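These notes concern the structure reproduced below.
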Amino acid sequence: GSKPAVNKGAQRVENASKTGVFAVQDEPGFNLPKEVLAIDTLRTLHIEGCSLKDLPSLAALASLQRLKLPKNMLSSLPDISVMAALQQIDLSSNKLGSLPDCFSAMKKLKEANFSKNQLTSLPASLGQCAALKNLDASDNKLTSIPATLGKLDSLEDLNIANNKVASLPGSLEGMKRIKRINVQWNSLSTLPKGLLTGTALQDIKVEGCPLKDKDAIEGWDKYLERNNKQQIQNVDQRVKAGDLSMGLGTKEEYLANNRDR
């Protein structure tokens, strides 16, 4: 006796309710079974490269820890304020023109990737994601970033490369743990005072910005010292790991070549 054919969608729903994970990749004609969005124990929703155009309500997914919907065709995101357990959100490579301002309860969110969309602004409530370490909003149409991001004192990486941001809020000096900022290809003509003096910033990428005299920016000299020190540490680690066999010559030559990016 041959087994009766099991409906693939129904099988996936059953698996997701057992495992807490629903994951589908690279299925262009994919239809999201609405039963999945009723599984209140779901921890991971990962739909990638499936030409997904819209999402129904996600209000039942209060246990969700990972929301990964990259490489789809989403033009909007429903309210996700119920997701207080969320640790990771990836909405990169969609068609989002805006995001709902509903991040204030997300005290566990560590990584947020909104890159490669059509966002003209970021929600102010992102500033309340106290655990956020990594925020990527590169390749959008941002003209500014909210001053509330200065409250993100766990943030280590901020990437807003390839946008239309003309100035950064002075409040960003509140990012006490910030290590890396990428603002390449924006319209910045200067940097806020405290960003270089009031934080531990080690690496800021500014290529393609119409920055006036860099050396006149307050704290630029101190920043360069930190940047060089960090590069020397990186090279030392690679030397220890036997990783500098790429014909780069001495450590000094390597640093000289990489000093003024």
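Chain identifiers are assigned as A, B, and so on, following the order in which chains appear in the structure tokens; residues are numbered from 1 within each chain, and ligands are numbered from 1 in order of appearance.
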- prompt: What's the 10 Å shell around A:Ser75, counting only C-alpha atoms, without same-chain residues fewer than 4 positions away, as number ranges by chain?
  reply: A: 52-55, 94-99, 117-118
task: Please provide the set of residues having any atom within 7 Å of stretch 220-237 of chain A, restricted to only C-alpha atoms, with same-chain residues fewer than 2 positions apart removed, written as a ChimeraX atom specification.
output: /A:196,202-203,214-215,217-218,239-241,251
A:Ser154: which residues within 10 Å, counting only C-alpha atoms, same-chain residues fewer than 6 positions away excluded, as a PDB file with N, CA, C and O atoms, in the first residue's frame?
ATOM      1  N   LYS A 110      19.144  42.010  19.551  1.00  0.00           N
ATOM      2  CA  LYS A 110      20.592  42.231  19.431  1.00  0.00           C
ATOM      3  C   LYS A 110      21.003  42.648  18.027  1.00  0.00           C
ATOM      4  O   LYS A 110      21.965  43.387  17.852  1.00  0.00           O
ATOM      5  N   CYS A 129      15.682  49.777  22.169  1.00  0.00           N
ATOM      6  CA  CYS A 129      16.173  48.384  22.119  1.00  0.00           C
ATOM      7  C   CYS A 129      17.525  48.324  22.827  1.00  0.00           C
ATOM      8  O   CYS A 129      18.583  48.334  22.193  1.00  0.00           O
ATOM      9  N   ALA A 130      17.469  48.247  24.158  1.00  0.00           N
ATOM     10  CA  ALA A 130      18.672  48.446  24.983  1.00  0.00           C
ATOM     11  C   ALA A 130      19.781  47.424  24.718  1.00  0.00           C
ATOM     12  O   ALA A 130      20.943  47.684  24.997  1.00  0.00           O
ATOM     13  N   ALA A 131      19.439  46.242  24.175  1.00  0.00           N
ATOM     14  CA  ALA A 131      20.455  45.199  23.958  1.00  0.00           C
ATOM     15  C   ALA A 131      21.047  45.241  22.549  1.00  0.00           C
ATOM     16  O   ALA A 131      21.938  44.454  22.235  1.00  0.00           O
ATOM     17  N   LEU A 132      20.547  46.155  21.710  1.00  0.00           N
ATOM     18  CA  LEU A 132      20.934  46.145  20.293  1.00  0.00           C
ATOM     19  C   LEU A 132      22.438  46.362  20.122  1.00  0.00           C
ATOM     20  O   LEU A 132      22.993  47.342  20.619  1.00  0.00           O
ATOM     21  N   LYS A 133      23.091  45.417  19.427  1.00  0.00           N
ATOM     22  CA  LYS A 133      24.538  45.487  19.201  1.00  0.00           C
ATOM     23  C   LYS A 133      24.885  45.864  17.778  1.00  0.00           C
ATOM     24  O   LYS A 133      25.934  46.429  17.501  1.00  0.00           O
ATOM     25  N   ASN A 134      23.994  45.480  16.844  1.00  0.00           N
ATOM     26  CA  ASN A 134      24.333  45.586  15.438  1.00  0.00           C
ATOM     27  C   ASN A 134      23.127  46.107  14.671  1.00  0.00           C
ATOM     28  O   ASN A 134      22.096  45.450  14.637  1.00  0.00           O
ATOM     29  N   GLY A 174      26.044  59.218  22.960  1.00  0.00           N
ATOM     30  CA  GLY A 174      25.523  58.323  24.002  1.00  0.00           C
ATOM     31  C   GLY A 174      25.790  56.851  23.712  1.00  0.00           C
ATOM     32  O   GLY A 174      25.593  56.000  24.573  1.00  0.00           O
ATOM     33  N   MET A 175      26.249  56.554  22.486  1.00  0.00           N
ATOM     34  CA  MET A 175      26.566  55.157  22.125  1.00  0.00           C
ATOM     35  C   MET A 175      27.933  54.793  22.728  1.00  0.00           C
ATOM     36  O   MET A 175      28.935  54.761  22.024  1.00  0.00           O
ATOM     37  N   LYS A 176      27.932  54.507  24.007  1.00  0.00           N
ATOM     38  CA  LYS A 176      29.214  54.370  24.719  1.00  0.00           C
ATOM     39  C   LYS A 176      30.058  53.193  24.238  1.00  0.00           C
ATOM     40  O   LYS A 176      31.266  53.183  24.376  1.00  0.00           O
ATOM     41  N   ARG A 177      29.399  52.150  23.688  1.00  0.00           N
ATOM     42  CA  ARG A 177      30.172  50.966  23.297  1.00  0.00           C
ATOM     43  C   ARG A 177      30.426  50.899  21.798  1.00  0.00           C
ATOM     44  O   ARG A 177      30.922  49.890  21.301  1.00  0.00           O
ATOM     45  N   ILE A 178      30.073  51.950  21.076  1.00  0.00           N
ATOM     46  CA  ILE A 178      30.179  51.884  19.618  1.00  0.00           C
ATOM     47  C   ILE A 178      31.633  51.662  19.194  1.00  0.00           C
ATOM     48  O   ILE A 178      32.546  52.291  19.723  1.00  0.00           O
TER      49      ILE A 178
END
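For stretch 148-218 of chain A, backbone-based DSSP labels the following residues as strand (DSSP E): A:Asp157, A:Leu158, A:Asn159, A:Arg180, A:Ile181, A:Asn182, A:Asp203, A:Ile204, A:Lys205.
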query: How many Å separate atom CA of A:Leu77 from atom CA of A:Ile89?
result: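 Interatomic distance, atom CA of A:Leu77 to atom CA of A:Ile89: 11.8 Å.
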message: With distances taken over only C-alpha atoms, which residue among A:Ser63, A:Asn31, A:Asn72, A:Asn186 lies nearest A:Gln87?
response: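 With only C-alpha atoms as the atom set, the closest residue is A:Ser63.
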- prompt: Using the chain letters and numbers from this document, which residues of stretch 4-147 of chain A does DSSP assign to helix (DSSP H, G or I), as a VMD selection string?
  reply: chain A and resid 8 to 19 34 to 38 124 to 128 147
Take the residues from that selection and write them out as a compact mmCIF listing (two decimals), in the first residue's frame, keeping N, CA, C and O atoms.
# COMPACT_ATOMS: atom_id res chain seq x y z
N LYS A 8 2.07 19.28 1.52
CA LYS A 8 3.37 19.83 1.96
C LYS A 8 3.19 20.95 2.98
O LYS A 8 3.89 21.01 3.99
N GLY A 9 2.21 21.82 2.71
CA GLY A 9 1.95 22.93 3.63
C GLY A 9 1.55 22.43 5.01
O GLY A 9 2.05 22.90 6.03
N ALA A 10 0.66 21.45 5.04
CA ALA A 10 0.17 20.92 6.32
C ALA A 10 1.32 20.25 7.09
O ALA A 10 1.43 20.38 8.31
N GLN A 11 2.18 19.55 6.34
CA GLN A 11 3.35 18.89 6.97
C GLN A 11 4.27 19.94 7.60
O GLN A 11 4.74 19.78 8.72
N ARG A 12 4.47 21.03 6.88
CA ARG A 12 5.34 22.10 7.40
C ARG A 12 4.76 22.74 8.65
O ARG A 12 5.48 23.07 9.59
N VAL A 13 3.45 22.93 8.64
CA VAL A 13 2.78 23.52 9.81
C VAL A 13 2.95 22.61 11.01
O VAL A 13 3.28 23.04 12.12
N GLU A 14 2.76 21.30 10.78
CA GLU A 14 2.89 20.33 11.88
C GLU A 14 4.32 20.34 12.43
O GLU A 14 4.54 20.37 13.64
N ASN A 15 5.30 20.32 11.51
CA ASN A 15 6.70 20.35 11.95
C ASN A 15 7.00 21.62 12.75
O ASN A 15 7.67 21.57 13.78
N ALA A 16 6.48 22.74 12.26
CA ALA A 16 6.75 24.02 12.94
C ALA A 16 6.14 24.04 14.33
O ALA A 16 6.73 24.58 15.27
N SER A 17 4.97 23.43 14.49
CA SER A 17 4.34 23.46 15.82
C SER A 17 5.10 22.54 16.78
O SER A 17 5.10 22.78 17.98
N LYS A 18 5.78 21.52 16.24
CA LYS A 18 6.60 20.65 17.11
C LYS A 18 7.95 21.29 17.44
O LYS A 18 8.42 21.21 18.57
N THR A 19 8.58 21.88 16.42
CA THR A 19 9.98 22.33 16.60
C THR A 19 10.10 23.80 16.98
O THR A 19 11.13 24.23 17.49
N LYS A 34 -1.51 30.21 6.61
CA LYS A 34 -1.83 31.15 7.70
C LYS A 34 -1.82 30.47 9.07
O LYS A 34 -1.66 31.13 10.09
N GLU A 35 -1.93 29.12 9.08
CA GLU A 35 -1.88 28.40 10.36
C GLU A 35 -0.54 28.61 11.08
O GLU A 35 -0.46 28.55 12.30
N VAL A 36 0.53 28.82 10.28
CA VAL A 36 1.85 29.03 10.88
C VAL A 36 1.83 30.24 11.81
O VAL A 36 2.43 30.24 12.89
N LEU A 37 1.09 31.28 11.38
CA LEU A 37 1.09 32.53 12.14
C LEU A 37 0.19 32.45 13.37
O LEU A 37 0.04 33.43 14.10
N ALA A 38 -0.40 31.26 13.59
CA ALA A 38 -1.20 31.06 14.80
C ALA A 38 -0.45 30.21 15.83
O ALA A 38 -0.95 29.96 16.92
N ALA A 124 11.71 55.84 15.62
CA ALA A 124 12.35 56.38 16.84
C ALA A 124 12.43 55.33 17.94
O ALA A 124 13.36 55.33 18.75
N SER A 125 11.45 54.40 17.97
CA SER A 125 11.41 53.41 19.07
C SER A 125 12.58 52.43 19.03
O SER A 125 12.83 51.73 20.01
N LEU A 126 13.35 52.40 17.91
CA LEU A 126 14.56 51.57 17.90
C LEU A 126 15.52 51.97 19.01
O LEU A 126 16.30 51.16 19.50
N GLY A 127 15.45 53.23 19.41
CA GLY A 127 16.32 53.72 20.48
C GLY A 127 16.04 53.08 21.83
O GLY A 127 16.82 53.24 22.76
N GLN A 128 14.93 52.35 21.93
CA GLN A 128 14.60 51.70 23.21
C GLN A 128 15.03 50.23 23.24
O GLN A 128 14.79 49.53 24.22
N ALA A 147 17.39 60.81 16.59
CA ALA A 147 18.26 61.17 17.72
C ALA A 147 18.20 60.13 18.83
O ALA A 147 19.15 59.96 19.59
- request: Would you list the contacts of A:Glu27 as a list in words, taking every protein, DNA or RNA residue within 7 Å and counting only C-alpha atoms, but skipping same-chain residues closer than 2 positions in sequence?
  value: Gln25, Gly29, Phe30, Gly49 and Cys50 of chain A
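If only C-alpha atoms are the atoms counted, then among A:Ser144, A:Ser81, A:Thr44, A:Asn159 the closest residue to A:Ser104 is A:Ser81.
The gap separating atom CA of A:Ala23 from atom CA of A:Asp139 is 25.8 Å, in Å to one decimal.
Once A:Lys205 and its same-chain neighbours fewer than 3 positions away are set aside, Asp157, Leu158, Asn159, Ile160, Ala161, Asn162, Lys179, Arg180, Ile181, Asn182, Val183, Gln184, Trp185, Asn186, Leu188, Leu191, Leu201, Gln202, Gly208, Cys209, Leu211, Leu224, Asn227, Asp260 and Arg261 of chain A remain within 12 Å of it when counting only C-alpha atoms.
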Those same residues - N, CA and C atoms - I'd like them written as a PDB file, in the first residue's frame.
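So part.pdb came out as:
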ATOM      1  N   ASP A 157      28.046  48.183  16.311  1.00  0.00           N
ATOM      2  CA  ASP A 157      28.161  48.388  14.862  1.00  0.00           C
ATOM      3  C   ASP A 157      26.959  49.139  14.327  1.00  0.00           C
ATOM      4  N   LEU A 158      27.211  50.250  13.640  1.00  0.00           N
ATOM      5  CA  LEU A 158      26.144  50.994  12.977  1.00  0.00           C
ATOM      6  C   LEU A 158      26.539  51.178  11.515  1.00  0.00           C
ATOM      7  N   ASN A 159      25.685  50.707  10.609  1.00  0.00           N
ATOM      8  CA  ASN A 159      25.977  50.834   9.181  1.00  0.00           C
ATOM      9  C   ASN A 159      24.822  51.564   8.503  1.00  0.00           C
ATOM     10  N   ILE A 160      25.094  52.800   8.039  1.00  0.00           N
ATOM     11  CA  ILE A 160      24.080  53.529   7.265  1.00  0.00           C
ATOM     12  C   ILE A 160      24.685  53.947   5.917  1.00  0.00           C
ATOM     13  N   ALA A 161      25.626  53.145   5.412  1.00  0.00           N
ATOM     14  CA  ALA A 161      26.284  53.471   4.147  1.00  0.00           C
ATOM     15  C   ALA A 161      25.263  53.578   3.009  1.00  0.00           C
ATOM     16  N   ASN A 162      25.588  54.427   2.047  1.00  0.00           N
ATOM     17  CA  ASN A 162      24.790  54.545   0.824  1.00  0.00           C
ATOM     18  C   ASN A 162      23.352  54.970   1.117  1.00  0.00           C
ATOM     19  N   LYS A 179      31.838  50.717  18.297  1.00  0.00           N
ATOM     20  CA  LYS A 179      33.193  50.427  17.810  1.00  0.00           C
ATOM     21  C   LYS A 179      33.346  50.800  16.341  1.00  0.00           C
ATOM     22  N   ARG A 180      32.311  50.479  15.568  1.00  0.00           N
ATOM     23  CA  ARG A 180      32.423  50.661  14.113  1.00  0.00           C
ATOM     24  C   ARG A 180      31.192  51.384  13.577  1.00  0.00           C
ATOM     25  N   ILE A 181      31.454  52.435  12.798  1.00  0.00           N
ATOM     26  CA  ILE A 181      30.366  53.151  12.116  1.00  0.00           C
ATOM     27  C   ILE A 181      30.719  53.251  10.640  1.00  0.00           C
ATOM     28  N   ASN A 182      29.771  52.891   9.786  1.00  0.00           N
ATOM     29  CA  ASN A 182      29.975  53.047   8.349  1.00  0.00           C
ATOM     30  C   ASN A 182      28.965  54.076   7.838  1.00  0.00           C
ATOM     31  N   VAL A 183      29.479  55.254   7.437  1.00  0.00           N
ATOM     32  CA  VAL A 183      28.605  56.303   6.874  1.00  0.00           C
ATOM     33  C   VAL A 183      29.025  56.628   5.441  1.00  0.00           C
ATOM     34  N   GLN A 184      29.750  55.696   4.787  1.00  0.00           N
ATOM     35  CA  GLN A 184      30.205  55.945   3.414  1.00  0.00           C
ATOM     36  C   GLN A 184      29.043  56.326   2.510  1.00  0.00           C
ATOM     37  N   TRP A 185      29.327  57.184   1.533  1.00  0.00           N
ATOM     38  CA  TRP A 185      28.359  57.544   0.511  1.00  0.00           C
ATOM     39  C   TRP A 185      27.062  58.108   1.107  1.00  0.00           C
ATOM     40  N   ASN A 186      27.245  59.115   1.958  1.00  0.00           N
ATOM     41  CA  ASN A 186      26.139  59.929   2.435  1.00  0.00           C
ATOM     42  C   ASN A 186      26.501  61.389   2.145  1.00  0.00           C
ATOM     43  N   LEU A 188      27.229  63.747   4.387  1.00  0.00           N
ATOM     44  CA  LEU A 188      27.774  64.362   5.604  1.00  0.00           C
ATOM     45  C   LEU A 188      28.920  65.320   5.288  1.00  0.00           C
ATOM     46  N   LEU A 191      31.029  65.778  11.324  1.00  0.00           N
ATOM     47  CA  LEU A 191      30.606  64.749  12.280  1.00  0.00           C
ATOM     48  C   LEU A 191      30.291  65.438  13.603  1.00  0.00           C
ATOM     49  N   LEU A 201      34.802  54.733  19.786  1.00  0.00           N
ATOM     50  CA  LEU A 201      34.810  54.455  18.348  1.00  0.00           C
ATOM     51  C   LEU A 201      36.221  54.161  17.830  1.00  0.00           C
ATOM     52  N   GLN A 202      36.357  53.013  17.135  1.00  0.00           N
ATOM     53  CA  GLN A 202      37.671  52.598  16.628  1.00  0.00           C
ATOM     54  C   GLN A 202      37.768  52.702  15.119  1.00  0.00           C
ATOM     55  N   GLY A 208      33.421  58.847   0.302  1.00  0.00           N
ATOM     56  CA  GLY A 208      32.260  59.247  -0.482  1.00  0.00           C
ATOM     57  C   GLY A 208      31.384  60.290   0.193  1.00  0.00           C
ATOM     58  N   CYS A 209      31.780  60.746   1.387  1.00  0.00           N
ATOM     59  CA  CYS A 209      31.063  61.854   2.047  1.00  0.00           C
ATOM     60  C   CYS A 209      31.824  63.152   1.783  1.00  0.00           C
ATOM     61  N   LEU A 211      33.057  65.384   3.416  1.00  0.00           N
ATOM     62  CA  LEU A 211      33.582  65.893   4.686  1.00  0.00           C
ATOM     63  C   LEU A 211      34.596  66.994   4.400  1.00  0.00           C
ATOM     64  N   LEU A 224      42.172  58.685  15.400  1.00  0.00           N
ATOM     65  CA  LEU A 224      43.193  58.023  14.573  1.00  0.00           C
ATOM     66  C   LEU A 224      44.138  57.181  15.423  1.00  0.00           C
ATOM     67  N   ASN A 227      42.290  54.072  16.236  1.00  0.00           N
ATOM     68  CA  ASN A 227      42.158  53.287  15.019  1.00  0.00           C
ATOM     69  C   ASN A 227      43.465  52.543  14.717  1.00  0.00           C
ATOM     70  N   ASP A 260      45.321  55.390   5.913  1.00  0.00           N
ATOM     71  CA  ASP A 260      44.373  56.465   5.620  1.00  0.00           C
ATOM     72  C   ASP A 260      43.296  55.993   4.664  1.00  0.00           C
ATOM     73  N   ARG A 261      42.279  55.335   5.238  1.00  0.00           N
ATOM     74  CA  ARG A 261      41.240  54.821   4.365  1.00  0.00           C
ATOM     75  C   ARG A 261      40.181  55.879   4.137  1.00  0.00           C
TER      76      ARG A 261
END
message: I'd like the neighbourhood of A:His46 as a PyMOL selection string, where a residue qualifies if any of its atoms comes within 10 Å (using only C-alpha atoms), though same-chain residues fewer than 3 positions away should be ignored.
response: chain A and resi 21-25+43+66-70+89-90
